[in-house]
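Peer 1: coords-v4.cif is reproduced below (mmCIF, C-alpha atoms).
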data_data
loop_
_atom_site.label_atom_id
_atom_site.label_comp_id
_atom_site.auth_asym_id
_atom_site.auth_seq_id
_atom_site.Cartn_x
_atom_site.Cartn_y
_atom_site.Cartn_z
CA MET A 15 77.91 13.64 25.59
CA ALA A 16 74.54 13.64 27.33
CA LYS A 17 72.74 13.58 24.00
CA GLN A 18 74.92 10.71 22.77
CA SER A 19 74.15 8.77 25.95
CA ILE A 20 70.40 9.23 25.46
CA LEU A 21 70.54 8.33 21.79
CA GLY A 22 72.64 5.28 22.57
CA ARG A 23 70.08 4.22 25.14
CA ILE A 24 67.39 4.38 22.46
CA ALA A 25 69.16 1.74 20.41
CA GLN A 26 69.91 -0.42 23.48
CA MET A 27 66.40 -0.35 24.91
CA ALA A 28 64.76 -0.76 21.51
CA LYS A 29 66.65 -4.06 21.13
CA ALA A 30 65.78 -5.26 24.66
CA ASN A 31 64.14 -8.67 24.83
CA ILE A 32 61.27 -8.45 27.29
CA ASN A 33 60.92 -12.22 27.79
CA SER A 34 64.61 -12.74 28.54
CA LEU A 35 64.55 -9.89 31.03
CA LEU A 36 61.52 -11.40 32.76
CA ASP A 37 63.15 -14.84 32.89
CA SER A 38 66.06 -13.38 34.86
CA ALA A 39 63.85 -11.38 37.23
CA GLU A 40 63.01 -12.59 40.73
CA ASP A 41 59.82 -10.53 40.78
CA PRO A 42 58.59 -10.00 37.19
CA LYS A 43 55.79 -7.63 38.19
CA MET A 44 58.12 -5.41 40.20
CA MET A 45 60.68 -5.43 37.42
CA LEU A 46 58.03 -4.58 34.84
CA ASP A 47 56.86 -1.64 36.94
CA GLN A 48 60.44 -0.39 37.08
CA MET A 49 60.98 -1.04 33.38
CA VAL A 50 57.80 0.87 32.50
CA ARG A 51 59.04 3.82 34.54
CA ASP A 52 62.53 3.62 32.99
CA TYR A 53 61.15 3.32 29.47
CA THR A 54 58.75 6.21 30.02
CA ASN A 55 61.53 8.44 31.37
CA SER A 56 63.97 7.38 28.65
CA ILE A 57 61.40 8.00 25.93
CA ALA A 58 60.76 11.49 27.32
CA GLU A 59 64.52 12.22 27.36
CA ALA A 60 64.98 10.72 23.92
CA GLU A 61 62.08 12.70 22.49
CA SER A 62 63.66 15.89 23.80
CA ALA A 63 67.05 15.00 22.32
CA VAL A 64 65.57 13.88 19.01
CA ALA A 65 63.46 17.03 18.83
CA GLN A 66 66.61 19.09 19.32
CA THR A 67 68.39 17.08 16.61
CA ILE A 68 65.47 17.57 14.24
CA GLY A 69 65.45 21.29 15.05
CA ASN A 70 69.15 21.56 14.22
CA LEU A 71 68.54 19.73 10.94
CA ARG A 72 65.73 22.08 10.03
CA LEU A 73 68.00 25.06 10.73
CA LEU A 74 70.63 23.57 8.41
CA GLU A 75 67.97 23.02 5.76
CA GLN A 76 66.73 26.59 6.15
CA ASP A 77 70.28 27.93 5.87
CA HIS A 78 70.86 25.76 2.80
CA THR A 79 67.65 26.99 1.22
CA GLU A 80 68.66 30.57 2.00
CA ASP A 81 72.15 30.03 0.50
CA VAL A 82 70.63 28.58 -2.66
CA ALA A 83 68.20 31.50 -2.89
CA ASN A 84 71.02 33.99 -2.25
CA ALA A 85 73.16 32.36 -4.90
CA SER A 86 70.32 32.65 -7.38
CA ASP A 87 69.61 36.24 -6.35
CA TRP A 88 73.26 37.27 -6.67
CA GLY A 89 73.42 35.52 -10.00
CA ASN A 90 70.48 37.54 -11.24
CA LYS A 91 72.05 40.75 -9.95
CA ALA A 92 75.35 39.90 -11.63
CA LEU A 93 73.53 39.25 -14.89
CA ALA A 94 71.59 42.52 -14.62
CA ALA A 95 74.75 44.54 -13.82
CA SER A 96 76.65 42.88 -16.68
CA ARG A 97 73.90 43.67 -19.19
CA LYS A 98 73.73 47.25 -17.99
CA GLY A 99 77.45 47.53 -18.41
CA ASP A 100 77.22 46.14 -21.91
CA GLU A 101 74.53 48.67 -22.79
CA LEU A 102 76.58 51.57 -21.46
CA ARG A 103 79.69 50.34 -23.24
CA ALA A 104 77.74 50.04 -26.46
CA ALA A 105 76.58 53.62 -25.96
CA GLY A 106 80.19 54.74 -25.56
CA ASN A 107 79.97 55.30 -21.76
CA THR A 108 82.96 53.23 -20.82
CA ALA A 109 83.39 54.64 -17.30
CA ASP A 110 79.87 53.76 -16.18
CA ALA A 111 80.11 50.46 -18.03
CA ASP A 112 83.18 49.54 -16.01
CA LYS A 113 81.33 50.41 -12.79
CA PHE A 114 78.49 48.02 -13.65
CA ASP A 115 80.96 45.33 -14.70
CA ASN A 116 82.65 45.69 -11.32
CA LEU A 117 79.25 45.42 -9.63
CA ALA A 118 78.63 42.26 -11.66
CA LYS A 119 81.92 40.85 -10.41
CA VAL A 120 80.99 41.62 -6.81
CA ALA A 121 77.62 39.93 -7.32
CA ILE A 122 79.30 36.92 -8.90
CA GLY A 123 81.64 36.71 -5.88
CA ARG A 124 78.66 36.72 -3.53
CA GLN A 125 76.98 34.12 -5.73
CA ILE A 126 80.03 31.86 -5.57
CA ALA A 127 80.22 32.22 -1.76
CA SER A 128 76.55 31.33 -1.35
CA GLU A 129 76.88 28.34 -3.69
CA LYS A 130 79.94 27.16 -1.75
CA GLU A 131 78.13 27.39 1.58
CA ALA A 132 75.11 25.56 0.18
CA LYS A 133 77.29 22.80 -1.29
CA GLU A 134 79.30 22.37 1.91
CA ALA A 135 76.10 22.01 3.95
CA GLU A 136 74.62 19.27 1.77
CA PRO A 137 76.68 16.31 3.16
CA THR A 138 75.91 17.40 6.73
CA ILE A 139 72.20 17.71 5.92
CA ALA A 140 72.17 14.27 4.28
CA SER A 141 73.98 12.73 7.27
CA GLN A 142 71.72 14.41 9.82
CA THR A 143 68.65 13.37 7.84
CA GLY A 144 69.77 9.74 8.10
CA VAL A 145 70.39 10.14 11.84
CA VAL A 146 66.96 11.68 12.37
CA ASP A 147 65.31 8.84 10.44
CA GLN A 148 67.10 6.27 12.61
CA LEU A 149 66.19 8.11 15.79
CA LYS A 150 62.53 8.28 14.78
CA LYS A 151 62.52 4.54 14.12
CA GLY A 152 64.21 3.96 17.47
CA LEU A 153 61.58 6.04 19.24
CA ASP A 154 58.80 4.16 17.47
CA SER A 155 60.39 0.88 18.55
CA MET A 156 60.68 2.10 22.13
CA ARG A 157 57.03 3.14 22.14
CA THR A 158 56.10 -0.32 20.87
CA LYS A 159 58.19 -1.89 23.63
CA LEU A 160 56.51 0.34 26.18
CA ALA A 161 53.09 -0.78 24.97
CA GLN A 162 54.23 -4.42 25.22
CA LEU A 163 55.57 -3.83 28.73
CA SER A 164 52.34 -2.17 29.85
CA SER A 165 50.30 -5.01 28.39
CA LYS A 166 52.57 -7.63 30.00
CA ARG A 167 52.38 -5.81 33.32
CA ASP A 168 48.56 -5.75 33.21
CA GLU A 169 48.53 -9.45 32.30
CA LEU A 170 50.84 -10.34 35.20
CA ILE A 171 48.79 -8.30 37.66
CA ALA A 172 45.60 -10.08 36.54
CA ARG A 173 47.32 -13.48 36.79
CA SER A 174 48.71 -12.58 40.20
CA LYS A 175 45.24 -11.63 41.48
CA THR A 176 43.82 -14.86 40.08
CA ALA A 177 46.59 -16.87 41.73
CA ASP A 178 45.97 -15.13 45.07
CA ALA A 179 42.26 -15.90 44.85
CA GLN A 180 42.98 -19.54 44.02
CA LYS A 181 45.40 -19.77 46.95
CA GLN A 182 42.76 -18.42 49.33
CA VAL A 183 40.31 -21.01 48.07
CA GLN A 184 42.88 -23.78 48.47
CA ASP A 185 43.71 -22.61 52.01
CA ALA A 186 40.01 -22.71 52.85
CA VAL A 187 39.65 -26.17 51.32
CA LYS A 188 42.49 -27.48 53.43
CA THR A 189 40.33 -27.01 56.53
CA ILE A 190 37.73 -29.41 55.11
CA ASP A 191 38.43 -33.11 54.60
CA LEU A 192 37.45 -33.72 50.99
CA THR A 193 39.52 -36.86 50.52
CA ASP A 194 36.50 -39.01 51.58
CA PRO A 195 33.24 -37.07 51.21
CA THR A 196 31.27 -39.94 52.86
CA SER A 197 33.41 -40.09 55.98
CA GLU A 198 31.16 -37.77 58.00
CA ILE A 199 27.99 -39.48 56.69
CA SER A 200 29.35 -42.90 57.60
CA ARG A 201 30.14 -41.70 61.10
CA PHE A 202 26.59 -40.42 61.62
CA GLU A 203 25.17 -43.62 60.09
CA ASP A 204 27.14 -45.74 62.57
CA LYS A 205 25.87 -43.62 65.42
CA ILE A 206 22.26 -44.02 64.30
CA ARG A 207 22.68 -47.80 63.86
CA ARG A 208 23.98 -48.05 67.39
CA GLN A 209 20.96 -46.10 68.60
CA GLU A 210 18.67 -48.40 66.63
CA ALA A 211 20.45 -51.45 68.05
CA THR A 212 19.97 -50.10 71.56
CA VAL A 213 16.26 -49.69 70.93
CA LEU A 214 16.07 -53.26 69.59
CA GLY A 215 17.83 -54.51 72.67
CA GLN A 216 15.48 -52.64 74.92
CA GLN A 217 12.51 -54.06 73.02
CA GLU A 218 13.91 -57.57 73.31
CA LEU A 219 14.46 -57.12 77.02
CA ALA A 220 10.93 -55.85 77.40
CA ALA A 221 9.57 -58.88 75.53
CA SER A 222 11.59 -61.29 77.68
CA SER A 223 10.26 -59.69 80.85
CA LEU A 224 6.65 -60.10 79.65
CA ASP A 225 7.16 -63.80 78.83
CA ALA A 226 8.59 -64.38 82.30
CA GLN A 227 5.55 -62.80 83.86
CA PHE A 228 3.22 -65.10 81.90
CA GLU A 229 5.33 -68.10 82.90
CA GLN A 230 5.03 -67.07 86.53
CA LEU A 231 1.28 -66.77 86.09
CA ASP A 232 1.05 -70.29 84.61
CA ALA A 233 3.13 -71.70 87.46
CA SER A 234 0.83 -69.99 89.97
CA ASP A 235 -2.25 -71.55 88.32
CA ASN A 236 -0.71 -75.01 88.48
CA ALA A 237 0.08 -74.63 92.14
CA VAL A 238 -3.49 -73.59 92.91
CA GLU A 239 -4.88 -76.65 91.08
CA LEU A 240 -2.51 -78.99 92.91
CA ASP A 241 -3.56 -77.56 96.28
CA ALA A 242 -7.27 -77.87 95.36
CA ARG A 243 -6.99 -81.52 94.36
CA LEU A 244 -4.98 -82.36 97.45
CA ALA A 245 -7.64 -80.80 99.67
CA ALA A 246 -10.36 -82.75 97.83
CA LEU A 247 -8.54 -86.05 98.38
CA LYS A 248 -8.29 -85.38 102.04
CA MET A 249 -12.00 -84.70 102.30
CA GLY A 250 -12.96 -87.69 100.13
CA ALA A 251 -14.59 -85.39 97.62
CA PRO A 252 -14.39 -85.97 93.93
CA THR A 253 -11.37 -84.54 92.29
CA PRO A 254 -12.26 -81.09 90.97
CA PRO A 255 -11.90 -80.62 87.26
CA ALA A 256 -8.67 -79.28 86.04
CA ILE A 257 -8.43 -75.56 85.55
CA ASN A 258 -8.56 -74.70 81.90
CA GLN A 259 -5.35 -73.21 80.91
#
Since I need it in another form, could you write the structure as structure tokens?
Peer 2:
Amino acid sequence: MAKQSILGRIAQMAKANINSLLDSAEDPKMMLDQMVRDYTNSIAEAESAVAQTIGNLRLLEQDHTEDVANASDWGNKALAASRKGDELRAAGNTADADKFDNLAKVAIGRQIASEKEAKEAEPTIASQTGVVDQLKKGLDSMRTKLAQLSSKRDELIARSKTADAQKQVQDAVKTIDLTDPTSEISRFEDKIRRQEATVLGQQELAASSLDAQFEQLDASDNAVELDARLAALKMGAPTPPAINQ
């Protein structure tokens, strides 16, 4: 029963569709790991069972070969005993001739038994040969499936590592605002323009203050001239010339 279970598993697993199994799996990588282990263990069990089946077949073949050889050997002995009997009978030795004829009969009986055993074993050998051929094909198919599973597992692991790396990059990118790459530059530009505007304002204020000082100076000169002319009028002196401005 155990052997039948293992051999039945060979046919079932050899027909397994890897893609359909992966489609129904929540975690394909984990399932592949388990499938690789199951396939490896099943192949080991199947190889042991198939090896035993092949061994039994070879024993049957050896027994069949031995029966055929025995049948031929007994046939030769029967022929030799019969000829010896004929020679003795021809020589007038009937008693010894009968003995050799009886020996020939015994040999023929053994020959018949060996031929019967060989013939009876032939259907079993043919059947077991077919079974062994099917089992070998099943094992080859399972080994192919195992290679596919291993390759698929390696592919998924590589894809998983790539996806993890891409996720880490995306997580890092989320911390940086890349929707408007000029946003930070614009902010610094506005700040600098405000600084420049402040400087311009300060310069303008400084210029206004200087103009006011000159205006005050002009007003002071005018006042001095007015006072000088008024003093000259009072003293009857000629009006002093105007101060060049």
Peer 1: What's around Ile122 of chain A at 12 Å? Count all atoms listed in the file, leave out sequence neighbours fewer than 5 positions away in its own chain, and write the answer as a list in words.
Peer 2: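 Those residues are Asn84, Ala85, Ser86, Asp87, Trp88, Gly89, Asn90, Lys91, Ala92, Leu93, Ala94, Ala95, Ser96, Asp115, Asn116, Leu117, Ala127, Ser128 and Glu129 of chain A.
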Peer 1: Please list as a PyMOL selection string every residue within 10 Å of segment 136-150 of chain A, counting all atoms listed in the file and excluding residues in the same chain fewer than 5 positions away.
Peer 2: chain A and resi 21-22+24-25+60-61+63-65+67-68+70-75+78+131+155-156
Peer 1: State, in Å with one decimal place, the distance from atom CA of Thr79 of chain A to atom CA of Gln66 of chain A.
Peer 2: 19.8 Å
Peer 1: One number please: atom CA of Ala172 of chain A to atom CA of Tyr53 of chain A, in Å, one decimal.
Peer 2: 21.7 Å
Peer 1: Report the distance between atom CA of Asp168 of chain A and atom CA of Met49 of chain A in Å, rounded to one decimal place.
Peer 2: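 Here the two named atoms are 13.3 Å from each other.
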Peer 1: Would you kindly identify which residues have an atom no farther than 12 Å from (52.8, 1.3, 27.7), using all atoms listed in the file and the file's own coordinates, and write them out as a list in words?
Peer 2: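 Within 12 Å of (52.8, 1.3, 27.7), the protein and nucleic acid residues are Leu46, Asp47, Met49, Val50, Arg51, Asp52, Tyr53, Thr54, Asn55, Ile57, Ser155, Met156, Arg157, Thr158, Lys159, Leu160, Ala161, Gln162, Leu163, Ser164, Ser165, Lys166, Arg167 and Asp168 of chain A.
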Peer 1: Keeping only C-alpha atoms, take the residues you just selected and write them out as a short mmCIF file (atom, residue, chain, number, x, y, z; two decimals), keeping the file's coordinate frame.
Peer 2:
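Produced file out.cif, reproduced below:
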data_model
loop_
_atom_site.label_atom_id
_atom_site.label_comp_id
_atom_site.auth_asym_id
_atom_site.auth_seq_id
_atom_site.Cartn_x
_atom_site.Cartn_y
_atom_site.Cartn_z
CA LEU A 46 58.03 -4.58 34.84
CA ASP A 47 56.86 -1.64 36.94
CA MET A 49 60.98 -1.04 33.38
CA VAL A 50 57.80 0.87 32.50
CA ARG A 51 59.04 3.82 34.54
CA ASP A 52 62.53 3.62 32.99
CA TYR A 53 61.15 3.32 29.47
CA THR A 54 58.75 6.21 30.02
CA ASN A 55 61.53 8.44 31.37
CA ILE A 57 61.40 8.00 25.93
CA SER A 155 60.39 0.88 18.55
CA MET A 156 60.68 2.10 22.13
CA ARG A 157 57.03 3.14 22.14
CA THR A 158 56.10 -0.32 20.87
CA LYS A 159 58.19 -1.89 23.63
CA LEU A 160 56.51 0.34 26.18
CA ALA A 161 53.09 -0.78 24.97
CA GLN A 162 54.23 -4.42 25.22
CA LEU A 163 55.57 -3.83 28.73
CA SER A 164 52.34 -2.17 29.85
CA SER A 165 50.30 -5.01 28.39
CA LYS A 166 52.57 -7.63 30.00
CA ARG A 167 52.38 -5.81 33.32
CA ASP A 168 48.56 -5.75 33.21
#
Peer 1: Dump segment 138-151 of chain A with N, CA, C and O atoms to a file, as a PDB file, in the first residue's frame.
Peer 2:
ATOM      1  N   THR A 138       4.088 -11.556 -16.632  1.00  0.00           N
ATOM      2  CA  THR A 138       4.429 -10.716 -15.473  1.00  0.00           C
ATOM      3  C   THR A 138       5.618  -9.823 -15.793  1.00  0.00           C
ATOM      4  O   THR A 138       5.632  -8.631 -15.451  1.00  0.00           O
ATOM      5  N   ILE A 139       6.619 -10.379 -16.454  1.00  0.00           N
ATOM      6  CA  ILE A 139       7.803  -9.591 -16.822  1.00  0.00           C
ATOM      7  C   ILE A 139       7.414  -8.472 -17.774  1.00  0.00           C
ATOM      8  O   ILE A 139       7.871  -7.323 -17.633  1.00  0.00           O
ATOM      9  N   ALA A 140       6.567  -8.784 -18.775  1.00  0.00           N
ATOM     10  CA  ALA A 140       6.141  -7.760 -19.730  1.00  0.00           C
ATOM     11  C   ALA A 140       5.368  -6.649 -19.024  1.00  0.00           C
ATOM     12  O   ALA A 140       5.571  -5.457 -19.291  1.00  0.00           O
ATOM     13  N   SER A 141       4.472  -7.043 -18.101  1.00  0.00           N
ATOM     14  CA  SER A 141       3.681  -6.058 -17.364  1.00  0.00           C
ATOM     15  C   SER A 141       4.569  -5.178 -16.488  1.00  0.00           C
ATOM     16  O   SER A 141       4.450  -3.947 -16.473  1.00  0.00           O
ATOM     17  N   GLN A 142       5.492  -5.813 -15.754  1.00  0.00           N
ATOM     18  CA  GLN A 142       6.368  -5.065 -14.874  1.00  0.00           C
ATOM     19  C   GLN A 142       7.320  -4.166 -15.667  1.00  0.00           C
ATOM     20  O   GLN A 142       7.671  -3.079 -15.219  1.00  0.00           O
ATOM     21  N   THR A 143       7.704  -4.606 -16.861  1.00  0.00           N
ATOM     22  CA  THR A 143       8.554  -3.775 -17.706  1.00  0.00           C
ATOM     23  C   THR A 143       7.826  -2.490 -18.098  1.00  0.00           C
ATOM     24  O   THR A 143       8.400  -1.396 -18.078  1.00  0.00           O
ATOM     25  N   GLY A 144       6.538  -2.638 -18.447  1.00  0.00           N
ATOM     26  CA  GLY A 144       5.732  -1.456 -18.769  1.00  0.00           C
ATOM     27  C   GLY A 144       5.588  -0.525 -17.579  1.00  0.00           C
ATOM     28  O   GLY A 144       5.672   0.711 -17.715  1.00  0.00           O
ATOM     29  N   VAL A 145       5.379  -1.106 -16.392  1.00  0.00           N
ATOM     30  CA  VAL A 145       5.251  -0.297 -15.178  1.00  0.00           C
ATOM     31  C   VAL A 145       6.543   0.465 -14.898  1.00  0.00           C
ATOM     32  O   VAL A 145       6.525   1.657 -14.587  1.00  0.00           O
ATOM     33  N   VAL A 146       7.659  -0.230 -15.024  1.00  0.00           N
ATOM     34  CA  VAL A 146       8.954   0.408 -14.766  1.00  0.00           C
ATOM     35  C   VAL A 146       9.190   1.547 -15.746  1.00  0.00           C
ATOM     36  O   VAL A 146       9.661   2.620 -15.362  1.00  0.00           O
ATOM     37  N   ASP A 147       8.834   1.336 -17.015  1.00  0.00           N
ATOM     38  CA  ASP A 147       9.013   2.404 -18.012  1.00  0.00           C
ATOM     39  C   ASP A 147       8.173   3.629 -17.637  1.00  0.00           C
ATOM     40  O   ASP A 147       8.646   4.776 -17.739  1.00  0.00           O
ATOM     41  N   GLN A 148       6.940   3.401 -17.218  1.00  0.00           N
ATOM     42  CA  GLN A 148       6.070   4.511 -16.814  1.00  0.00           C
ATOM     43  C   GLN A 148       6.625   5.224 -15.587  1.00  0.00           C
ATOM     44  O   GLN A 148       6.595   6.461 -15.494  1.00  0.00           O
ATOM     45  N   LEU A 149       7.112   4.453 -14.635  1.00  0.00           N
ATOM     46  CA  LEU A 149       7.657   5.044 -13.416  1.00  0.00           C
ATOM     47  C   LEU A 149       8.904   5.878 -13.717  1.00  0.00           C
ATOM     48  O   LEU A 149       9.109   6.945 -13.138  1.00  0.00           O
ATOM     49  N   LYS A 150       9.733   5.382 -14.617  1.00  0.00           N
ATOM     50  CA  LYS A 150      10.928   6.149 -14.994  1.00  0.00           C
ATOM     51  C   LYS A 150      10.533   7.467 -15.644  1.00  0.00           C
ATOM     52  O   LYS A 150      11.125   8.523 -15.359  1.00  0.00           O
ATOM     53  N   LYS A 151       9.532   7.421 -16.525  1.00  0.00           N
ATOM     54  CA  LYS A 151       9.059   8.656 -17.164  1.00  0.00           C
ATOM     55  C   LYS A 151       8.476   9.602 -16.123  1.00  0.00           C
ATOM     56  O   LYS A 151       8.674  10.820 -16.188  1.00  0.00           O
TER      57      LYS A 151
END
